[in-house]
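Trainee: Here it is, the structure in full.
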Amino acid sequence: MIPARYGATRLPGKPLAEIDGRPMIWYVWDSARRAEVPSRVVVATDDERIASAVRGFGGEAVLTSTECASGTDRVAEAARGMEEAILINLQGDEPLMHPSVLDAVAAPLVSDPDVHMATAALPQDDPEEYGKPSVVKVVVDARGDALYFSRAPIPHYRDSGTGRYRKHLGIYGYRREFLFRVAALPPSPLEVAERLEQLRVLQAGYRIRVVDVGHDSVGVDTPEDLKAVEERLCGPKRR
């Protein structure tokens, strides 16, 4: 399920922004359809222009309310009309998400009935990204379940200042009924403080399985992000 909202503040009409002649939503949809596990790929949107573009390139789109406060709410609304037991929430502004990441997030939900929600992280040791608030970090327990997500550098390396950490990627997998439970939770103090919706789940006492993956992704929030993604997808010809 790919939530795609038209009215982004910093880049209005973002899903339809062109990258090498195609709308950005096509790249997200194409990554999802090339994954091995998903049996269906659906774009959930609040705007007929996005839905029309998706149907135009052969994709499936459903219209949702313009009042959805988050991508999770949009996915939950769309999922009420579907029967799939497991849903992957791939945000519509992630055109660089590798198909294998979707498969990795789905894997624990498919194999372990005790896992109700999963996400992905990229282990790395880049000191520059470690310090950026825009790069969300996650620490996990021995089972691989998230202990905490933060925009701050975690874990804190008291002696060396930096070290290996996990960069969180914005993709989630849910069991159907758990998705509805998450969508019904009120905002939590930690979520409000960090501006990270997944903290609502942890603060309510639920677990999130974190799967380590080998491919990074870059979300698109601004025109500058769009240009950077186009250069990565299309190469030097766009520079």
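Letters A, B, ... mark the chains of the structure tokens in the order given; residue numbers begin at 1 per chain; ligand numbers begin at 1, in order shown.
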Skipping near chain neighbours, those fewer than 2 positions away, what residues fall within 9 Å of segment 122-124 of chain A using only C-alpha atoms, listed as an MDAnalysis selection string?
Mentor: chainID A and resid 120 126 130 163:169 211:216
Trainee: Write the residues of the preceding selection, restricted to C-alpha atoms, as a PDB file, in the first residue's frame.
Mentor:
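Contents of again_1.pdb, as written:
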```pdb
ATOM      1  CA  ALA A 120      13.695  -1.617   8.243  1.00  0.00           C
ATOM      2  CA  ASP A 126      28.701   7.598   8.632  1.00  0.00           C
ATOM      3  CA  TYR A 130      24.764  10.236  12.490  1.00  0.00           C
ATOM      4  CA  GLY A 163      30.306   4.581  15.961  1.00  0.00           C
ATOM      5  CA  ARG A 164      28.065   2.077  14.238  1.00  0.00           C
ATOM      6  CA  TYR A 165      24.337   2.774  14.347  1.00  0.00           C
ATOM      7  CA  ARG A 166      21.094   1.914  12.547  1.00  0.00           C
ATOM      8  CA  LYS A 167      19.498   4.421  10.175  1.00  0.00           C
ATOM      9  CA  HIS A 168      15.748   3.920  10.159  1.00  0.00           C
ATOM     10  CA  LEU A 169      14.027   3.669   6.772  1.00  0.00           C
ATOM     11  CA  VAL A 211      15.009  -5.811  10.062  1.00  0.00           C
ATOM     12  CA  ASP A 212      18.521  -4.869   8.949  1.00  0.00           C
ATOM     13  CA  VAL A 213      18.808  -4.303   5.196  1.00  0.00           C
ATOM     14  CA  GLY A 214      21.619  -3.468   2.792  1.00  0.00           C
ATOM     15  CA  HIS A 215      20.032  -0.751   0.639  1.00  0.00           C
ATOM     16  CA  ASP A 216      19.544   2.896   1.589  1.00  0.00           C
TER      17      ASP A 216
END
```
Trainee: When you look at Ala69 of chain A with a cut-off of 12 Å (counting only C-alpha atoms), what residues show up, excluding the ones that are within fewer than 3 positions of it in the same chain? I need them as a list in words.
Mentor: Pro3, Arg5, Gly7, Asp46, Thr64, Ser65, Thr66, Thr72, Asp73, Arg74, Val75, Ala76, Glu77, Ala183, Ala184, Pro186, Pro187 and Glu197 of chain A
Trainee: Please provide as number ranges by chain all residues within 10 Å of Gly13 of chain A, with the sequence filter that same-chain residues fewer than 6 positions apart are discarded (counting only C-alpha atoms).
Mentor: A: 4-7, 47, 49-50
Trainee: Now that the selection is made, can you save its residues with C-alpha atoms as a short mmCIF file (atom, residue, chain, number, x, y, z; two decimals), in the first residue's frame?
Mentor:
```
data_model
loop_
_atom_site.label_atom_id
_atom_site.label_comp_id
_atom_site.auth_asym_id
_atom_site.auth_seq_id
_atom_site.Cartn_x
_atom_site.Cartn_y
_atom_site.Cartn_z
CA ALA A 4 0.24 9.45 -1.70
CA ARG A 5 -1.05 12.89 -0.66
CA TYR A 6 -1.33 15.73 -3.15
CA GLY A 7 -1.05 18.73 -0.82
CA ASP A 47 -6.63 13.22 -5.14
CA ARG A 49 -5.18 13.50 -10.36
CA ILE A 50 -2.84 11.06 -8.63
#
```
Trainee: Atom CA of Asp125 of chain A to atom CA of Arg232 of chain A: how many Å, to one decimal?
Mentor: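 If I compute the distance from atom CA of Asp125 of chain A to atom CA of Arg232 of chain A, I get 21.3 Å.
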Trainee: Leu179 of chain A: which residues within 12 Å, counting only C-alpha atoms, same-chain residues fewer than 6 positions away excluded, as a PyMOL selection string?
Mentor: chain A and resi 71-80+84-89+116-118+172-173+185+198+201+206
Trainee: Taking C-alpha atoms for each residue, export the selection above as a compact mmCIF listing (two decimals), in the first residue's frame.
Mentor:
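File part25.txt, as written:
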```
# COMPACT_ATOMS: atom_id res chain seq x y z
CA GLY A 71 0.12 7.95 5.82
CA THR A 72 -0.79 5.33 8.42
CA ASP A 73 -4.33 6.69 8.63
CA ARG A 74 -4.59 6.66 4.83
CA VAL A 75 -3.38 3.06 4.60
CA ALA A 76 -5.76 2.00 7.36
CA GLU A 77 -8.73 3.64 5.63
CA ALA A 78 -7.93 1.96 2.32
CA ALA A 79 -7.28 -1.39 3.99
CA ARG A 80 -10.80 -1.56 5.43
CA GLU A 84 -5.13 -8.95 2.75
CA ALA A 85 -3.86 -10.14 6.16
CA ILE A 86 -0.48 -8.36 5.94
CA LEU A 87 0.08 -4.87 4.58
CA ILE A 88 3.31 -3.02 3.80
CA ASN A 89 3.17 0.79 4.04
CA HIS A 116 2.57 -7.67 14.47
CA MET A 117 4.58 -4.75 13.06
CA ALA A 118 7.95 -4.51 11.32
CA TYR A 172 6.37 -0.41 7.80
CA GLY A 173 4.64 -3.76 7.72
CA LEU A 185 -4.00 5.28 19.07
CA GLN A 198 6.31 5.23 15.37
CA VAL A 201 3.41 2.49 19.07
CA TYR A 206 3.71 -2.58 21.59
```
Trainee: Going by DSSP on the backbone, which residues of segment 11-238 of chain A come out as strand (DSSP E or B)? List them as a PyMOL selection string.
Mentor: chain A and resi 18-19+22-23+42-45+60-63+86-90+117-124+137-140+145-150+165-175+209-212
Trainee: Could you pull the residues within 10 Å of Gly59 of chain A, counting only C-alpha atoms, minus those fewer than 4 positions along the same chain, as a list in words?
Mentor: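 Answer for this query is Trp26, Trp29, Asp30, Arg33, Arg40, Val41, Val42, Val43, Ala51, Ser52, Ala53, Val54 and Arg55 of chain A.
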Trainee: Mind checking DSSP for segment 46-177 of chain A and telling me the alpha helix (DSSP H) residues as number ranges by chain?
Mentor: A: 48-56, 71-79, 99-111, 127-130, 176-177
Trainee: For the residues in that selection, give me N, CA, C and O atoms as a compact mmCIF listing (two decimals), in the first residue's frame.
Mentor:
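Result file follows (result_12.txt):
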```txt
# COMPACT_ATOMS: atom_id res chain seq x y z
N GLU A 48 -7.84 12.80 -7.19
CA GLU A 48 -8.15 12.10 -8.42
C GLU A 48 -7.04 12.23 -9.46
O GLU A 48 -6.84 11.35 -10.28
N ARG A 49 -6.28 13.32 -9.42
CA ARG A 49 -5.18 13.50 -10.36
C ARG A 49 -4.12 12.43 -10.17
O ARG A 49 -3.56 11.90 -11.14
N ILE A 50 -3.82 12.12 -8.91
CA ILE A 50 -2.84 11.06 -8.63
C ILE A 50 -3.42 9.70 -9.03
O ILE A 50 -2.75 8.88 -9.67
N ALA A 51 -4.68 9.46 -8.66
CA ALA A 51 -5.32 8.19 -9.00
C ALA A 51 -5.34 7.98 -10.51
O ALA A 51 -5.07 6.89 -11.01
N SER A 52 -5.64 9.04 -11.25
CA SER A 52 -5.69 8.94 -12.71
C SER A 52 -4.33 8.63 -13.30
O SER A 52 -4.20 7.81 -14.22
N ALA A 53 -3.29 9.27 -12.76
CA ALA A 53 -1.93 9.01 -13.24
C ALA A 53 -1.53 7.55 -12.99
O ALA A 53 -0.93 6.90 -13.85
N VAL A 54 -1.87 7.04 -11.81
CA VAL A 54 -1.54 5.65 -11.47
C VAL A 54 -2.27 4.68 -12.40
O VAL A 54 -1.66 3.74 -12.93
N ARG A 55 -3.53 4.90 -12.61
CA ARG A 55 -4.29 4.03 -13.50
C ARG A 55 -3.77 4.14 -14.94
O ARG A 55 -3.81 3.16 -15.70
N GLY A 56 -3.27 5.32 -15.27
CA GLY A 56 -2.75 5.54 -16.61
C GLY A 56 -1.53 4.70 -16.93
O GLY A 56 -1.32 4.31 -18.09
N GLY A 71 0.11 9.07 6.76
CA GLY A 71 0.12 7.95 5.82
C GLY A 71 -0.46 6.69 6.43
O GLY A 71 -1.14 5.91 5.75
N THR A 72 -0.23 6.49 7.73
CA THR A 72 -0.79 5.33 8.42
C THR A 72 -2.31 5.37 8.39
O THR A 72 -2.97 4.35 8.13
N ASP A 73 -2.88 6.54 8.67
CA ASP A 73 -4.33 6.69 8.63
C ASP A 73 -4.88 6.41 7.23
O ASP A 73 -5.92 5.77 7.06
N ARG A 74 -4.14 6.87 6.20
CA ARG A 74 -4.59 6.66 4.83
C ARG A 74 -4.56 5.17 4.47
O ARG A 74 -5.47 4.65 3.82
N VAL A 75 -3.49 4.49 4.87
CA VAL A 75 -3.38 3.06 4.60
C VAL A 75 -4.47 2.30 5.33
O VAL A 75 -5.09 1.38 4.78
N ALA A 76 -4.73 2.68 6.59
CA ALA A 76 -5.76 2.00 7.36
C ALA A 76 -7.14 2.18 6.74
O ALA A 76 -7.94 1.24 6.66
N GLU A 77 -7.43 3.39 6.27
CA GLU A 77 -8.73 3.64 5.63
C GLU A 77 -8.88 2.78 4.37
O GLU A 77 -9.92 2.15 4.16
N ALA A 78 -7.86 2.75 3.55
CA ALA A 78 -7.93 1.96 2.32
C ALA A 78 -8.01 0.47 2.62
O ALA A 78 -8.70 -0.29 1.92
N ALA A 79 -7.33 0.04 3.67
CA ALA A 79 -7.28 -1.39 3.99
C ALA A 79 -8.62 -1.94 4.46
O ALA A 79 -8.86 -3.15 4.38
N PRO A 99 13.39 -2.96 -3.95
CA PRO A 99 12.37 -3.99 -3.78
C PRO A 99 12.70 -5.00 -2.68
O PRO A 99 11.79 -5.50 -1.99
N SER A 100 13.97 -5.31 -2.50
CA SER A 100 14.36 -6.29 -1.48
C SER A 100 14.03 -5.82 -0.07
O SER A 100 13.85 -6.64 0.84
N VAL A 101 13.94 -4.50 0.13
CA VAL A 101 13.59 -3.97 1.45
C VAL A 101 12.14 -4.32 1.79
O VAL A 101 11.82 -4.66 2.92
N LEU A 102 11.25 -4.24 0.79
CA LEU A 102 9.86 -4.63 1.02
C LEU A 102 9.78 -6.10 1.43
O LEU A 102 9.06 -6.46 2.36
N ASP A 103 10.54 -6.94 0.74
CA ASP A 103 10.54 -8.36 1.06
C ASP A 103 11.08 -8.60 2.47
O ASP A 103 10.56 -9.45 3.21
N ALA A 104 12.11 -7.85 2.85
CA ALA A 104 12.72 -8.01 4.17
C ALA A 104 11.74 -7.62 5.28
O ALA A 104 11.66 -8.28 6.32
N VAL A 105 10.99 -6.55 5.06
CA VAL A 105 10.02 -6.10 6.07
C VAL A 105 8.86 -7.10 6.19
O VAL A 105 8.34 -7.35 7.28
N ALA A 106 8.47 -7.68 5.07
CA ALA A 106 7.37 -8.65 5.10
C ALA A 106 7.77 -9.96 5.76
O ALA A 106 6.92 -10.64 6.37
N ALA A 107 9.05 -10.33 5.67
CA ALA A 107 9.51 -11.66 6.09
C ALA A 107 9.12 -12.04 7.52
O ALA A 107 8.57 -13.13 7.76
N PRO A 108 9.41 -11.21 8.56
CA PRO A 108 9.06 -11.63 9.92
C PRO A 108 7.55 -11.73 10.14
O PRO A 108 7.09 -12.53 10.97
N LEU A 109 6.77 -10.94 9.42
CA LEU A 109 5.32 -11.02 9.55
C LEU A 109 4.79 -12.32 8.95
O LEU A 109 3.83 -12.90 9.45
N VAL A 110 5.44 -12.77 7.89
CA VAL A 110 5.04 -14.01 7.24
C VAL A 110 5.45 -15.23 8.07
O VAL A 110 4.70 -16.20 8.18
N SER A 111 6.63 -15.15 8.69
CA SER A 111 7.20 -16.33 9.34
C SER A 111 6.92 -16.44 10.84
O SER A 111 6.98 -17.53 11.40
N PRO A 127 29.66 9.31 10.14
CA PRO A 127 29.58 10.32 11.20
C PRO A 127 28.73 11.52 10.82
O PRO A 127 28.05 12.09 11.68
N GLU A 128 28.73 11.90 9.56
CA GLU A 128 27.96 13.07 9.14
C GLU A 128 26.46 12.82 9.25
O GLU A 128 25.72 13.64 9.82
N GLU A 129 25.99 11.69 8.76
CA GLU A 129 24.57 11.38 8.85
C GLU A 129 24.15 11.11 10.29
O GLU A 129 23.02 11.40 10.68
N TYR A 130 25.05 10.56 11.09
CA TYR A 130 24.76 10.24 12.49
C TYR A 130 24.29 11.47 13.25
O TYR A 130 23.42 11.38 14.12
N ARG A 176 -3.07 -6.91 9.59
CA ARG A 176 -4.23 -6.08 9.30
C ARG A 176 -4.89 -5.49 10.56
O ARG A 176 -5.08 -4.27 10.67
N GLU A 177 -5.25 -6.34 11.51
CA GLU A 177 -5.96 -5.85 12.70
C GLU A 177 -5.07 -4.96 13.56
O GLU A 177 -5.56 -4.02 14.20
```
Trainee: Go through A:Glu231, A:Asp114, A:Glu224, A:Glu36 one by one, measure the shortest atom-to-atom distance of each to Ile19 of chain A using only C-alpha atoms, and give the residue with the smallest value.
Mentor: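 Distance minimum relative to Ile19 of chain A lands on A:Glu231.
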Trainee: Compare A:Val115, A:Met1, A:Met97, A:Val138 by their minimum atom-to-atom distance to Ala44 of chain A, counting only C-alpha atoms, and give me the closest one.
Mentor: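 Using only C-alpha atoms, the shortest distance to Ala44 of chain A belongs to A:Met1.
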Trainee: Taking into account only C-alpha atoms, which residue in the set A:Gly131, A:Ser39, A:Phe149, A:Ala61 is nearest to Glu194 of chain A?
Mentor: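 Counting only C-alpha atoms, the residue closest to Glu194 of chain A is A:Phe149.
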Trainee: In Å to one decimal, how far is atom CA of Leu190 of chain A from atom CA of Leu11 of chain A?
Mentor: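 These atoms are spaced 27.1 Å apart.
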Trainee: Which residues come within 8 Å of Gly170 of chain A, counting only C-alpha atoms, excluding same-chain residues fewer than 6 positions away, as a PyMOL selection string?
Mentor: chain A and resi 90-91+119-120
